[in-house]
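Engineer: Dropping in entry_10.cif, with mmCIF, C-alpha atoms and all ligand atoms.
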```cif
data_target
loop_
_atom_site.label_atom_id
_atom_site.label_comp_id
_atom_site.auth_asym_id
_atom_site.auth_seq_id
_atom_site.Cartn_x
_atom_site.Cartn_y
_atom_site.Cartn_z
CA MET A 1 4.16 18.07 -30.72
CA VAL A 2 0.66 17.70 -32.15
CA ALA A 3 -2.40 19.37 -30.65
CA GLU A 4 -5.02 17.00 -29.18
CA GLN A 5 -7.62 19.46 -27.85
CA SER A 6 -6.11 20.94 -24.65
CA VAL A 7 -3.62 18.09 -24.12
CA ARG A 8 -0.41 18.27 -26.16
CA LEU A 9 0.57 14.84 -27.44
CA THR A 10 3.80 13.75 -29.02
CA SER A 11 3.63 12.17 -32.45
CA GLU A 12 4.20 8.78 -30.81
CA GLU A 13 1.28 9.35 -28.45
CA GLU A 14 -0.90 10.51 -31.33
CA ALA A 15 -0.03 7.33 -33.20
CA MET A 16 -0.97 5.20 -30.18
CA LEU A 17 -4.27 7.04 -30.04
CA ARG A 18 -4.85 6.07 -33.66
CA GLY A 19 -4.11 2.42 -32.87
CA SER A 20 -0.49 2.02 -34.00
CA LEU A 21 0.15 -0.39 -31.10
CA GLY A 22 -3.18 -2.16 -31.42
CA GLU A 23 -6.66 -1.83 -30.02
CA GLY A 24 -5.65 -2.36 -26.39
CA ALA A 25 -3.11 0.47 -26.40
CA ARG A 26 -5.56 2.69 -28.30
CA LYS A 27 -8.20 2.22 -25.60
CA ALA A 28 -5.56 2.75 -22.90
CA MET A 29 -4.40 6.01 -24.50
CA GLU A 30 -8.01 7.20 -24.67
CA ILE A 31 -8.30 6.69 -20.89
CA ILE A 32 -5.05 8.53 -20.18
CA VAL A 33 -5.97 11.47 -22.41
CA ALA A 34 -9.45 11.66 -20.87
CA LEU A 35 -7.90 11.80 -17.40
CA ALA A 36 -5.47 14.46 -18.54
CA ARG A 37 -8.43 16.59 -19.64
CA VAL A 38 -10.26 16.01 -16.33
CA TYR A 39 -7.21 17.08 -14.33
CA GLU A 40 -6.33 19.85 -16.78
CA ALA A 41 -2.93 18.36 -17.52
CA ARG A 42 -1.31 19.96 -20.54
CA GLU A 43 0.74 16.93 -21.48
CA LEU A 44 1.49 13.33 -20.69
CA ILE A 45 4.64 12.08 -19.04
CA PRO A 46 6.52 8.77 -19.44
CA VAL A 47 6.34 6.51 -16.41
CA ALA A 48 8.92 3.93 -15.36
CA SER A 49 6.52 1.42 -13.85
CA ALA A 50 2.87 0.79 -13.03
CA GLN A 51 1.36 -0.82 -9.95
CA VAL A 52 -2.15 -2.04 -10.61
CA ALA A 53 -4.88 -2.34 -7.95
CA GLY A 54 -8.24 -3.96 -8.52
CA VAL A 55 -7.22 -7.61 -8.26
CA SER A 56 -9.51 -9.18 -5.69
CA TYR A 57 -12.55 -10.87 -7.13
CA THR A 58 -14.34 -9.69 -3.95
CA ASN A 59 -14.13 -6.13 -5.29
CA LEU A 60 -14.20 -6.79 -9.03
CA GLY A 61 -17.10 -9.22 -9.29
CA ASP A 62 -18.10 -10.57 -12.70
CA ALA A 63 -18.30 -7.08 -14.22
CA GLY A 64 -14.65 -6.43 -13.38
CA LEU A 65 -13.66 -9.85 -14.62
CA ASP A 66 -15.39 -9.19 -17.96
CA PHE A 67 -13.63 -5.81 -18.17
CA LEU A 68 -10.24 -7.48 -17.76
CA TRP A 69 -10.93 -10.25 -20.21
CA GLY A 70 -12.09 -7.59 -22.67
CA TRP A 71 -8.63 -5.98 -22.42
CA ARG A 72 -6.98 -9.34 -22.82
CA ASP A 73 -9.08 -10.16 -25.89
CA ALA A 74 -8.21 -6.76 -27.37
CA GLY A 75 -4.57 -7.88 -27.26
CA ALA A 76 -3.59 -5.37 -24.59
CA LYS A 77 0.02 -5.70 -23.43
CA ALA A 78 2.01 -3.92 -20.75
CA CYS A 79 4.97 -2.06 -22.23
CA ILE A 80 6.66 -1.07 -18.94
CA PRO A 81 7.42 -3.06 -15.76
CA SER A 82 4.03 -3.49 -14.12
CA MET A 83 3.11 -5.14 -10.84
CA LEU A 84 -0.08 -6.40 -9.28
CA ASN A 85 -1.67 -5.48 -5.95
CA PRO A 86 -2.85 -8.18 -3.50
CA ALA A 87 -5.50 -10.65 -4.64
CA GLY A 88 -8.41 -11.99 -2.59
CA MET A 89 -6.55 -15.12 -1.51
CA ASP A 90 -3.22 -16.89 -1.36
CA LEU A 91 -3.01 -18.08 -4.95
CA LEU A 92 -1.45 -21.39 -3.92
CA ALA A 93 -2.56 -22.14 -0.37
CA TRP A 94 -6.13 -20.83 -0.64
CA GLU A 95 -7.64 -24.07 0.62
CA ASP A 96 -5.67 -23.75 3.90
CA LEU A 97 -7.46 -20.43 4.50
CA GLY A 98 -10.89 -21.95 3.90
CA ILE A 99 -11.50 -20.00 0.68
CA PRO A 100 -14.45 -21.53 -1.22
CA ARG A 101 -13.58 -23.26 -4.50
CA THR A 102 -16.01 -21.10 -6.52
CA PHE A 103 -14.27 -17.93 -5.31
CA ALA A 104 -10.84 -19.42 -6.00
CA HIS A 105 -11.84 -20.25 -9.56
CA LYS A 106 -12.95 -16.67 -10.26
CA GLN A 107 -9.88 -15.21 -8.55
CA HIS A 108 -7.62 -17.35 -10.70
CA MET A 109 -9.43 -16.10 -13.81
CA VAL A 110 -8.71 -12.51 -12.75
CA VAL A 111 -5.04 -13.25 -12.28
CA GLN A 112 -4.83 -15.12 -15.60
CA ALA A 113 -6.20 -12.06 -17.40
CA TYR A 114 -3.55 -9.84 -15.81
CA GLU A 115 -0.85 -12.34 -16.62
CA ALA A 116 -1.94 -12.43 -20.27
CA ILE A 117 -1.70 -8.62 -20.34
CA GLY A 118 1.86 -8.89 -19.08
CA ILE A 119 1.45 -7.67 -15.49
CA GLN A 120 3.88 -9.35 -13.07
CA LEU A 121 1.93 -11.40 -10.54
CA THR A 122 3.66 -9.83 -7.55
CA CYS A 123 0.31 -9.52 -5.73
CA THR A 124 1.66 -7.15 -3.13
CA CYS A 125 1.15 -3.63 -1.81
CA THR A 126 4.90 -3.42 -1.10
CA PRO A 127 6.42 -3.83 -4.57
CA TYR A 128 9.46 -1.91 -3.29
CA LEU A 129 10.24 -4.87 -1.00
CA VAL A 130 10.35 -7.36 -3.85
CA GLY A 131 12.83 -5.76 -6.20
CA ASN A 132 10.87 -2.82 -7.60
CA VAL A 133 12.53 0.15 -5.92
CA PRO A 134 11.87 3.30 -7.96
CA ALA A 135 14.72 5.75 -8.34
CA PHE A 136 14.57 9.20 -6.80
CA GLY A 137 12.59 11.54 -9.07
CA GLN A 138 11.27 8.77 -11.29
CA HIS A 139 7.69 9.16 -12.50
CA LEU A 140 5.34 6.23 -11.83
CA ALA A 141 1.72 5.21 -12.17
CA TRP A 142 1.05 3.34 -8.94
CA SER A 143 -2.35 2.82 -7.42
CA GLU A 144 -2.32 1.21 -3.96
CA SER A 145 -2.44 4.05 -1.48
CA SER A 146 0.29 2.88 0.93
CA ALA A 147 2.61 1.98 -1.95
CA VAL A 148 1.98 5.40 -3.49
CA SER A 149 2.77 7.08 -0.19
CA PHE A 150 5.97 5.08 0.28
CA ALA A 151 7.19 5.71 -3.27
CA ASN A 152 6.55 9.46 -3.05
CA SER A 153 7.63 10.10 0.49
CA VAL A 154 10.35 7.62 1.38
CA LEU A 155 11.89 7.09 -2.05
CA GLY A 156 11.25 10.50 -3.58
CA ALA A 157 9.65 9.06 -6.71
CA ARG A 158 6.58 10.76 -8.19
CA THR A 159 3.13 9.25 -8.56
CA ASN A 160 -0.44 10.28 -8.09
CA ARG A 161 -2.76 7.74 -6.55
CA GLU A 162 -3.97 6.11 -9.72
CA GLY A 163 -7.22 4.18 -9.98
CA GLY A 164 -6.93 0.53 -11.02
CA PRO A 165 -8.06 1.15 -14.63
CA SER A 166 -5.82 4.19 -15.09
CA ALA A 167 -2.75 2.35 -13.73
CA LEU A 168 -3.57 -0.51 -16.09
CA ALA A 169 -3.86 1.93 -18.98
CA SER A 170 -0.50 3.46 -18.02
CA ALA A 171 1.03 -0.02 -17.99
CA MET A 172 -0.02 -0.41 -21.63
CA VAL A 173 1.19 2.91 -22.97
CA GLY A 174 3.92 3.88 -20.49
CA ARG A 175 2.40 7.31 -19.91
CA THR A 176 0.32 9.16 -17.35
CA ALA A 177 -1.17 12.62 -17.22
CA LYS A 178 1.27 15.21 -15.91
CA TYR A 179 -0.50 16.82 -12.97
CA GLY A 180 -0.60 16.64 -9.17
CA LEU A 181 2.41 15.03 -7.51
CA HIS A 182 4.34 14.86 -10.79
CA LEU A 183 4.73 18.64 -10.46
CA ASP A 184 7.22 20.34 -8.11
CA ARG A 185 4.70 22.84 -6.80
CA CYS A 186 2.28 20.13 -5.60
CA ARG A 187 4.96 18.49 -3.46
CA LEU A 188 5.36 21.43 -1.11
CA ALA A 189 3.93 20.84 2.40
CA LEU A 190 1.22 23.23 3.51
CA ARG A 191 0.96 21.71 7.01
CA ARG A 192 3.70 21.45 9.59
CA ILE A 193 3.08 18.65 12.08
CA ASP A 194 4.91 19.09 15.37
CA VAL A 195 4.97 15.74 17.13
CA ARG A 196 5.68 16.41 20.78
CA CYS A 197 5.10 12.91 22.14
CA ARG A 198 7.29 9.85 21.87
CA VAL A 199 6.49 7.69 18.85
CA SER A 200 8.21 4.36 19.24
CA SER A 201 6.30 1.25 18.18
CA LEU A 202 4.97 0.53 14.70
CA SER A 203 1.43 0.92 15.97
CA ASP A 204 2.41 4.35 17.38
CA PHE A 205 3.37 5.42 13.87
CA GLY A 206 0.04 4.07 12.63
CA ALA A 207 -1.88 5.93 15.35
CA LEU A 208 -0.02 9.11 14.46
CA GLY A 209 -0.80 8.64 10.76
CA TYR A 210 -4.44 8.10 11.59
CA LEU A 211 -4.65 11.32 13.63
CA VAL A 212 -2.79 13.44 11.08
CA GLY A 213 -4.62 11.97 8.08
CA GLN A 214 -7.88 13.11 9.63
CA ARG A 215 -6.53 16.61 10.07
CA VAL A 216 -4.89 17.18 6.70
CA ALA A 217 -7.22 15.21 4.34
CA ASN A 218 -5.40 15.14 0.99
CA GLY A 219 -2.74 17.70 1.92
CA VAL A 220 1.02 17.21 2.19
CA PRO A 221 2.16 17.13 5.86
CA TYR A 222 5.70 17.94 7.01
CA PHE A 223 6.57 16.09 10.21
CA CYS A 224 8.92 17.49 12.82
CA PHE A 225 9.50 14.89 15.53
CA ARG A 226 10.70 16.05 18.90
CA ASP A 227 11.28 12.56 20.15
CA ALA A 228 11.21 9.70 17.67
CA PRO A 229 13.94 7.09 17.99
CA TRP A 230 14.47 6.86 14.25
CA ARG A 231 14.32 10.49 13.31
CA GLU A 232 18.01 10.67 12.50
CA THR A 233 17.91 7.80 10.04
CA ALA A 234 19.21 8.76 6.64
CA TRP A 235 19.38 6.60 3.56
CA GLU A 236 20.51 7.07 0.00
CA PHE A 237 18.07 8.56 -2.46
CA GLY A 238 16.18 5.82 -4.24
CA GLU A 239 17.18 3.22 -1.66
CA LEU A 240 15.09 1.65 1.05
CA PRO A 241 15.67 2.86 4.60
CA PRO A 242 16.93 0.24 7.04
CA GLU A 243 14.63 -1.39 9.57
CA PRO A 244 12.99 -0.35 11.80
CA SER A 245 12.50 2.95 9.95
CA LEU A 246 11.26 1.13 6.87
CA SER A 247 8.44 -0.51 8.80
CA ALA A 248 7.67 2.64 10.78
CA LEU A 249 7.38 4.81 7.68
CA LYS A 250 5.34 2.11 5.96
CA GLN A 251 2.86 2.24 8.86
CA LEU A 252 2.82 6.03 8.98
CA GLY A 253 2.11 6.40 5.26
CA ALA A 254 -0.51 3.65 5.16
CA ALA A 255 -2.47 5.24 8.01
CA LEU A 256 -2.19 8.76 6.54
CA ALA A 257 -3.64 7.45 3.31
CA ALA A 258 -6.45 5.60 5.08
CA SER A 259 -7.93 8.18 7.45
CA GLY A 260 -7.04 10.96 5.01
CA ALA A 261 -6.00 10.79 1.40
CA VAL A 262 -2.37 11.69 1.94
CA ALA A 263 -0.17 10.51 -0.94
CA LEU A 264 3.00 12.35 0.09
CA TYR A 265 4.51 13.37 3.41
CA HIS A 266 7.90 14.66 4.43
CA VAL A 267 9.85 13.95 7.63
CA ASP A 268 12.28 16.63 8.67
CA GLY A 269 15.84 15.39 8.38
CA ALA A 270 14.81 11.96 7.14
CA THR A 271 12.86 11.71 3.88
CA PRO A 272 14.82 12.59 0.74
CA GLU A 273 13.08 15.73 -0.44
CA ALA A 274 13.05 17.16 3.10
CA ARG A 275 16.81 16.61 3.23
CA MET A 276 17.43 18.19 -0.17
CA SER A 277 15.47 21.40 0.02
CA ASP A 278 12.93 23.32 2.01
CA MET A 279 9.68 21.53 1.33
CA LEU A 280 7.69 23.46 3.93
CA ALA A 281 5.60 26.36 2.65
CA PRO A 282 6.45 29.62 4.50
CA ASP A 283 2.80 30.07 5.46
CA ALA A 284 2.25 26.41 6.42
CA LYS A 285 -0.39 25.90 9.08
CA LYS A 286 0.84 24.24 12.25
CA VAL A 287 -0.70 21.16 13.82
CA THR A 288 0.60 19.89 17.17
CA ILE A 289 0.28 16.29 18.24
CA GLU A 290 0.72 16.00 21.99
CA ASP A 291 -0.26 12.37 22.40
CA LEU A 292 -1.54 9.39 20.44
CA SER A 293 -4.30 8.22 22.72
CA GLY A 294 -7.04 9.61 20.44
CA GLY A 295 -5.78 7.45 17.58
CA TYR A 296 -5.72 4.31 19.70
CA ALA A 297 -9.17 5.06 21.11
CA ALA A 298 -10.71 5.60 17.67
CA LEU A 299 -9.29 2.40 16.23
CA ASN A 300 -10.19 0.07 19.10
CA GLY A 301 -13.59 -1.56 19.45
CA PRO A 302 -14.92 -3.06 22.70
CA VAL A 303 -14.05 -6.68 21.92
CA GLU A 304 -12.18 -9.12 24.12
CA HIS A 305 -12.31 -12.45 22.34
CA ILE A 306 -10.08 -12.44 19.25
CA ASP A 307 -10.78 -14.83 16.33
CA LEU A 308 -7.92 -13.76 14.12
CA VAL A 309 -4.71 -11.81 14.50
CA CYS A 310 -3.34 -10.25 11.32
CA ILE A 311 0.14 -8.78 10.97
CA GLY A 312 1.44 -7.52 7.64
CA CYS A 313 -0.51 -4.48 6.51
CA PRO A 314 1.20 -3.16 4.44
CA HIS A 315 2.71 -6.51 3.52
CA ALA A 316 5.31 -7.66 6.02
CA SER A 317 9.02 -7.22 5.40
CA LEU A 318 11.39 -10.07 6.15
CA ASP A 319 12.35 -8.38 9.41
CA GLU A 320 8.73 -8.09 10.47
CA ILE A 321 8.26 -11.82 9.83
CA ARG A 322 11.37 -12.44 11.92
CA TRP A 323 10.00 -10.30 14.79
CA VAL A 324 6.78 -12.36 14.77
CA SER A 325 8.75 -15.62 14.81
CA GLU A 326 10.81 -14.40 17.75
CA LEU A 327 7.73 -13.38 19.74
CA LEU A 328 6.22 -16.82 19.11
CA GLU A 329 9.27 -18.71 20.36
CA GLY A 330 8.02 -21.44 22.71
CA GLU A 331 4.41 -20.29 22.31
CA GLU A 332 1.32 -21.76 20.72
CA VAL A 333 -1.46 -19.69 19.18
CA VAL A 334 -5.06 -20.06 20.30
CA SER A 335 -6.57 -17.61 17.83
CA ASP A 336 -5.76 -17.92 14.16
CA LEU A 337 -2.73 -15.89 13.10
CA TRP A 338 -2.00 -14.62 9.60
CA VAL A 339 1.18 -12.82 8.63
CA THR A 340 0.48 -11.43 5.16
CA THR A 341 3.34 -10.76 2.81
CA ALA A 342 4.53 -10.91 -0.79
CA ARG A 343 5.24 -14.36 -2.19
CA SER A 344 8.92 -13.77 -2.78
CA THR A 345 9.31 -12.40 0.77
CA ARG A 346 7.58 -15.53 2.02
CA GLU A 347 9.99 -17.68 0.03
CA GLU A 348 12.92 -15.88 1.60
CA ALA A 349 11.34 -16.37 5.03
CA VAL A 350 10.94 -20.08 4.24
CA SER A 351 14.61 -20.33 3.36
CA GLN A 352 15.59 -18.66 6.64
CA GLY A 353 13.41 -21.02 8.68
CA LEU A 354 11.07 -18.23 9.83
CA VAL A 355 7.92 -19.68 8.29
CA ALA A 356 8.58 -23.05 9.93
CA ARG A 357 8.92 -21.33 13.32
CA ILE A 358 5.65 -19.45 12.90
CA GLU A 359 3.86 -22.56 11.65
CA ALA A 360 5.24 -24.58 14.57
CA ALA A 361 3.40 -22.15 16.85
CA GLY A 362 0.22 -22.60 14.81
CA GLY A 363 0.38 -19.40 12.71
CA LEU A 364 0.34 -18.98 8.95
CA VAL A 365 2.46 -16.84 6.66
CA VAL A 366 0.05 -15.99 3.89
CA ALA A 367 1.16 -14.73 0.49
CA ASP A 368 -0.50 -12.76 -2.32
CA THR A 369 -3.42 -11.41 -0.32
CA CYS A 370 -4.69 -8.93 2.22
CA LEU A 371 -7.46 -9.45 4.72
CA VAL A 372 -9.25 -6.28 3.64
CA VAL A 373 -9.76 -7.60 0.08
CA SER A 374 -10.33 -11.24 1.08
CA PRO A 375 -13.81 -12.77 1.25
CA MET A 376 -13.69 -12.71 5.07
CA LYS A 377 -17.47 -12.80 5.38
CA MET A 378 -17.31 -16.32 3.93
CA LEU A 379 -14.73 -17.41 6.51
CA ASP A 380 -16.60 -16.98 9.78
CA TYR A 381 -14.18 -14.58 11.42
CA HIS A 382 -15.78 -11.82 13.45
CA THR A 383 -13.06 -10.24 15.58
CA LEU A 384 -9.58 -9.12 14.65
CA ALA A 385 -6.42 -7.87 16.33
CA THR A 386 -3.83 -6.02 14.28
CA ASN A 387 -0.86 -3.71 14.70
CA SER A 388 -1.82 -1.84 11.52
CA ALA A 389 -3.84 1.36 11.83
CA LYS A 390 -4.82 1.05 8.18
CA MET A 391 -6.25 -2.42 8.67
CA ALA A 392 -7.96 -1.39 11.90
CA PHE A 393 -9.51 1.52 10.01
CA TYR A 394 -10.84 -0.54 7.09
CA ALA A 395 -11.72 -3.93 8.60
CA PRO A 396 -15.03 -2.88 10.23
CA SER A 397 -16.43 -1.32 7.05
CA HIS A 398 -14.87 -3.63 4.44
CA VAL A 399 -15.10 -7.06 6.04
CA GLY A 400 -17.47 -6.46 8.97
CA MET A 401 -15.00 -7.39 11.72
CA GLN A 402 -14.68 -5.78 15.14
CA VAL A 403 -11.14 -4.71 15.78
CA ARG A 404 -8.46 -4.34 18.40
CA PHE A 405 -5.44 -2.28 17.47
CA GLY A 406 -2.13 -2.22 19.33
CA SER A 407 1.54 -3.09 19.34
CA LEU A 408 2.97 -6.18 17.68
CA GLU A 409 3.74 -7.63 21.10
CA ARG A 410 0.17 -7.11 22.23
CA CYS A 411 -1.22 -8.68 19.05
CA ILE A 412 0.94 -11.76 19.43
CA ARG A 413 -0.17 -12.03 23.05
CA ALA A 414 -3.77 -11.93 21.81
CA ALA A 415 -2.93 -14.75 19.38
CA THR A 416 -1.54 -16.91 22.17
CA THR A 417 -4.31 -16.19 24.68
CA GLY A 418 -7.29 -15.67 22.39
CA LYS A 419 -8.06 -12.46 24.26
CA TRP A 420 -7.23 -8.79 24.12
CA GLU A 421 -5.95 -8.21 27.61
CA GLY A 422 -5.97 -5.06 29.69
FE1 LIG B 1 -1.77 -3.79 1.77
FE2 LIG B 1 -4.18 -4.63 2.24
FE3 LIG B 1 -2.98 -3.21 4.02
S1 LIG B 1 -3.43 -3.86 0.31
S2 LIG B 1 -1.72 -1.83 2.82
S3 LIG B 1 -2.33 -5.25 3.33
S4 LIG B 1 -5.13 -3.05 3.51
#
```
Would you mind writing the structure in this file as structure tokens?
Structural biologist:
Amino acid sequence: MVAEQSVRLTSEEEAMLRGSLGEGARKAMEIIVALARVYEARELIPVASAQVAGVSYTNLGDAGLDFLWGWRDAGAKACIPSMLNPAGMDLLAWEDLGIPRTFAHKQHMVVQAYEAIGIQLTCTCTPYLVGNVPAFGQHLAWSESSAVSFANSVLGARTNREGGPSALASAMVGRTAKYGLHLDRCRLALRRIDVRCRVSSLSDFGALGYLVGQRVANGVPYFCFRDAPWRETAWEFGELPPEPSLSALKQLGAALAASGAVALYHVDGATPEARMSDMLAPDAKKVTIEDLSGGYAALNGPVEHIDLVCIGCPHASLDEIRWVSELLEGEEVVSDLWVTTARSTREEAVSQGLVARIEAAGGLVVADTCLVVSPMKMLDYHTLATNSAKMAFYAPSHVGMQVRFGSLERCIRAATTGKWEG
């Protein structure tokens, strides 16, 4: 090991810092070492994969585009499996969504830069649903908050919530700073959450995540459910849980990371680390959740007419797409309906006839994108219904839409009536 100020670097890392792998990797290593100093990490750690946020041209603008093309021109190349977060539009069917051509051109330039750097164009916040399932204990550099939460909590992998540039830098050098959730001691829960009410629908899990995220901020909560239908579900370490637990935990983690900054949670008897050892600190503070009505109340605005219904935040699994198609059987939508998902999940849904069934009812299954990072202000949508607490939380501030939040069944009813009823 060679000393690099307070951060110990291996000889290979030192060489990268001197430019042995080219200018792109040199710049990337500078970023990683700078972050290590900021977070007082003593060393770097190899990571198995990177998940890179900062893809939508809505958020990047021309400055971000120039930044990416600068990396590309410096010959930067990913050296580990690296995936992309959702873009600002469906990369193929953008015209069907009404995306302006000028925006589409810029968005394609963003994606081309990432492709040249060697990032897989997965364009999803659920990379674990499209073949990138991290192994238990594996270290990662992922950046999208719900993906980070899922990888840490449900799969038992280890990642901090990286920023877009730091995840990109990790993709190029295969390292991240060793601090935070890479360390055993930071994975211990300091809050015990006793859930005394029934939590059954996906939106219930989102409402619960919203309430707890507000209470614990960036802490690690340990959930003890008195009455959750899926609490007994167990799955192999490093494997995805079966539905409906997968979707429920996806909603829980996404909401925890939205209203708070929770990047890891444990569920007693269910999530892998909670099954392996005692992850609850002896002096953990106790929070009791008696009912979810406060979460629903906070995430619902006073709107009745619904312009758009969006399902698939985080990106929909194949089963979720199937549930939507079943609820639409014999129905026709009045509002617009988007089911957002990863492209390869959409392709699988096409092959199973699910997309055709949703389209027959007038809905769309949209790939590569997420409403929250789409240029919605250009699309003349003002009101939204969703079963995702995360989307309900962000849509008012990020895309200026008024929101209704409730169960999948209620959202589909809003799509077929144009109204939020009751
Ligand atoms: Fe994914 Fe967008 Fe929701 S990135 S988690 S669909 S806000």
Engineer: Could you list, as an mmCIF file with C-alpha atoms, keeping the file's coordinate frame, all protein and nucleic acid residues with an atom at most 7 Å from ligand LIG 1 (chain B), counting all atoms listed in the file?
Structural biologist:
```cif
data_model
loop_
_atom_site.group_PDB
_atom_site.id
_atom_site.type_symbol
_atom_site.label_atom_id
_atom_site.label_comp_id
_atom_site.auth_asym_id
_atom_site.auth_seq_id
_atom_site.Cartn_x
_atom_site.Cartn_y
_atom_site.Cartn_z
ATOM 1 C CA ASN A 85 -1.670 -5.480 -5.950
ATOM 2 C CA PRO A 86 -2.850 -8.180 -3.500
ATOM 3 C CA THR A 124 1.660 -7.150 -3.130
ATOM 4 C CA CYS A 125 1.150 -3.630 -1.810
ATOM 5 C CA GLU A 144 -2.320 1.210 -3.960
ATOM 6 C CA SER A 146 0.290 2.880 0.930
ATOM 7 C CA ALA A 254 -0.510 3.650 5.160
ATOM 8 C CA GLY A 312 1.440 -7.520 7.640
ATOM 9 C CA CYS A 313 -0.510 -4.480 6.510
ATOM 10 C CA PRO A 314 1.200 -3.160 4.440
ATOM 11 C CA HIS A 315 2.710 -6.510 3.520
ATOM 12 C CA CYS A 370 -4.690 -8.930 2.220
ATOM 13 C CA LEU A 371 -7.460 -9.450 4.720
ATOM 14 C CA VAL A 372 -9.250 -6.280 3.640
ATOM 15 C CA VAL A 373 -9.760 -7.600 0.080
ATOM 16 C CA LYS A 390 -4.820 1.050 8.180
ATOM 17 C CA MET A 391 -6.250 -2.420 8.670
#
```
Engineer: Find, counting only C-alpha atoms, the residue in A:Asn152, A:Leu21, A:Asp319, A:Val220 that gets nearest to Ala74 in chain A.
Structural biologist: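 Of A:Asn152, A:Leu21, A:Asp319, A:Val220, the one nearest Ala74 in chain A, counting only C-alpha atoms, is A:Leu21.
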Engineer: Restricting the calculation to only C-alpha atoms: of A:Ala63, A:Val366, A:Cys310, A:Ala284, which residue gets closest to Leu408 in chain A?
Structural biologist: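 Ranking A:Ala63, A:Val366, A:Cys310, A:Ala284 by distance to Leu408 in chain A, first place goes to A:Cys310.
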Engineer: Between A:Asn132, A:Gly253, A:Leu337, A:Asp368, which residue has the minimum interatomic distance to His108 in chain A, considering only C-alpha atoms?
Structural biologist: A:Asp368
Engineer: For a quick check of understanding, using all atoms listed in the file, which of A:Tyr57, A:Tyr265, A:Trp69, A:Trp142 has the smallest distance to Gly88 in chain A?
Structural biologist: A:Tyr57
Engineer: Working from the structure I just supplied, which lacks atoms in range 83-94 of chain A, can you model N, CA, C and O atoms there and output them as a PDB file, keeping the file's coordinate frame?
Structural biologist:
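part.pdb, written as the output of this step:
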```
ATOM      1  N   MET A  83       3.287  -4.188 -11.930  1.00  0.00           N
ATOM      2  CA  MET A  83       3.110  -5.140 -10.840  1.00  0.00           C
ATOM      3  C   MET A  83       1.655  -5.138 -10.385  1.00  0.00           C
ATOM      4  O   MET A  83       0.934  -4.162 -10.578  1.00  0.00           O
ATOM      5  N   LEU A  84       1.292  -6.221  -9.718  1.00  0.00           N
ATOM      6  CA  LEU A  84      -0.080  -6.400  -9.280  1.00  0.00           C
ATOM      7  C   LEU A  84      -0.205  -6.213  -7.764  1.00  0.00           C
ATOM      8  O   LEU A  84       0.664  -6.635  -6.995  1.00  0.00           O
ATOM      9  N   ASN A  85      -1.314  -5.645  -7.351  1.00  0.00           N
ATOM     10  CA  ASN A  85      -1.670  -5.480  -5.950  1.00  0.00           C
ATOM     11  C   ASN A  85      -2.175  -6.813  -5.371  1.00  0.00           C
ATOM     12  O   ASN A  85      -2.398  -7.745  -6.145  1.00  0.00           O
ATOM     13  N   PRO A  86      -2.381  -6.911  -4.061  1.00  0.00           N
ATOM     14  CA  PRO A  86      -2.850  -8.180  -3.500  1.00  0.00           C
ATOM     15  C   PRO A  86      -4.181  -8.666  -4.080  1.00  0.00           C
ATOM     16  O   PRO A  86      -5.072  -7.880  -4.409  1.00  0.00           O
ATOM     17  N   ALA A  87      -4.279  -9.987  -4.184  1.00  0.00           N
ATOM     18  CA  ALA A  87      -5.500 -10.650  -4.640  1.00  0.00           C
ATOM     19  C   ALA A  87      -6.361 -11.016  -3.430  1.00  0.00           C
ATOM     20  O   ALA A  87      -5.986 -10.749  -2.283  1.00  0.00           O
ATOM     21  N   GLY A  88      -7.482 -11.645  -3.680  1.00  0.00           N
ATOM     22  CA  GLY A  88      -8.410 -11.990  -2.590  1.00  0.00           C
ATOM     23  C   GLY A  88      -8.039 -13.255  -1.845  1.00  0.00           C
ATOM     24  O   GLY A  88      -8.786 -13.678  -0.953  1.00  0.00           O
ATOM     25  N   MET A  89      -6.941 -13.876  -2.209  1.00  0.00           N
ATOM     26  CA  MET A  89      -6.550 -15.120  -1.510  1.00  0.00           C
ATOM     27  C   MET A  89      -5.088 -15.426  -1.819  1.00  0.00           C
ATOM     28  O   MET A  89      -4.515 -14.874  -2.761  1.00  0.00           O
ATOM     29  N   ASP A  90      -4.524 -16.311  -1.027  1.00  0.00           N
ATOM     30  CA  ASP A  90      -3.220 -16.890  -1.360  1.00  0.00           C
ATOM     31  C   ASP A  90      -3.445 -17.737  -2.609  1.00  0.00           C
ATOM     32  O   ASP A  90      -4.287 -18.644  -2.612  1.00  0.00           O
ATOM     33  N   LEU A  91      -2.722 -17.429  -3.661  1.00  0.00           N
ATOM     34  CA  LEU A  91      -3.010 -18.080  -4.950  1.00  0.00           C
ATOM     35  C   LEU A  91      -2.659 -19.562  -4.933  1.00  0.00           C
ATOM     36  O   LEU A  91      -3.154 -20.317  -5.760  1.00  0.00           O
ATOM     37  N   LEU A  92      -1.813 -19.975  -3.995  1.00  0.00           N
ATOM     38  CA  LEU A  92      -1.450 -21.390  -3.920  1.00  0.00           C
ATOM     39  C   LEU A  92      -2.134 -22.093  -2.743  1.00  0.00           C
ATOM     40  O   LEU A  92      -2.685 -23.174  -2.899  1.00  0.00           O
ATOM     41  N   ALA A  93      -2.085 -21.461  -1.583  1.00  0.00           N
ATOM     42  CA  ALA A  93      -2.560 -22.140  -0.370  1.00  0.00           C
ATOM     43  C   ALA A  93      -3.961 -21.671   0.028  1.00  0.00           C
ATOM     44  O   ALA A  93      -4.290 -21.603   1.206  1.00  0.00           O
ATOM     45  N   TRP A  94      -4.803 -21.367  -0.948  1.00  0.00           N
ATOM     46  CA  TRP A  94      -6.130 -20.830  -0.640  1.00  0.00           C
ATOM     47  C   TRP A  94      -6.999 -21.809   0.133  1.00  0.00           C
ATOM     48  O   TRP A  94      -7.815 -21.416   0.959  1.00  0.00           O
TER      49      TRP A  94
END
```
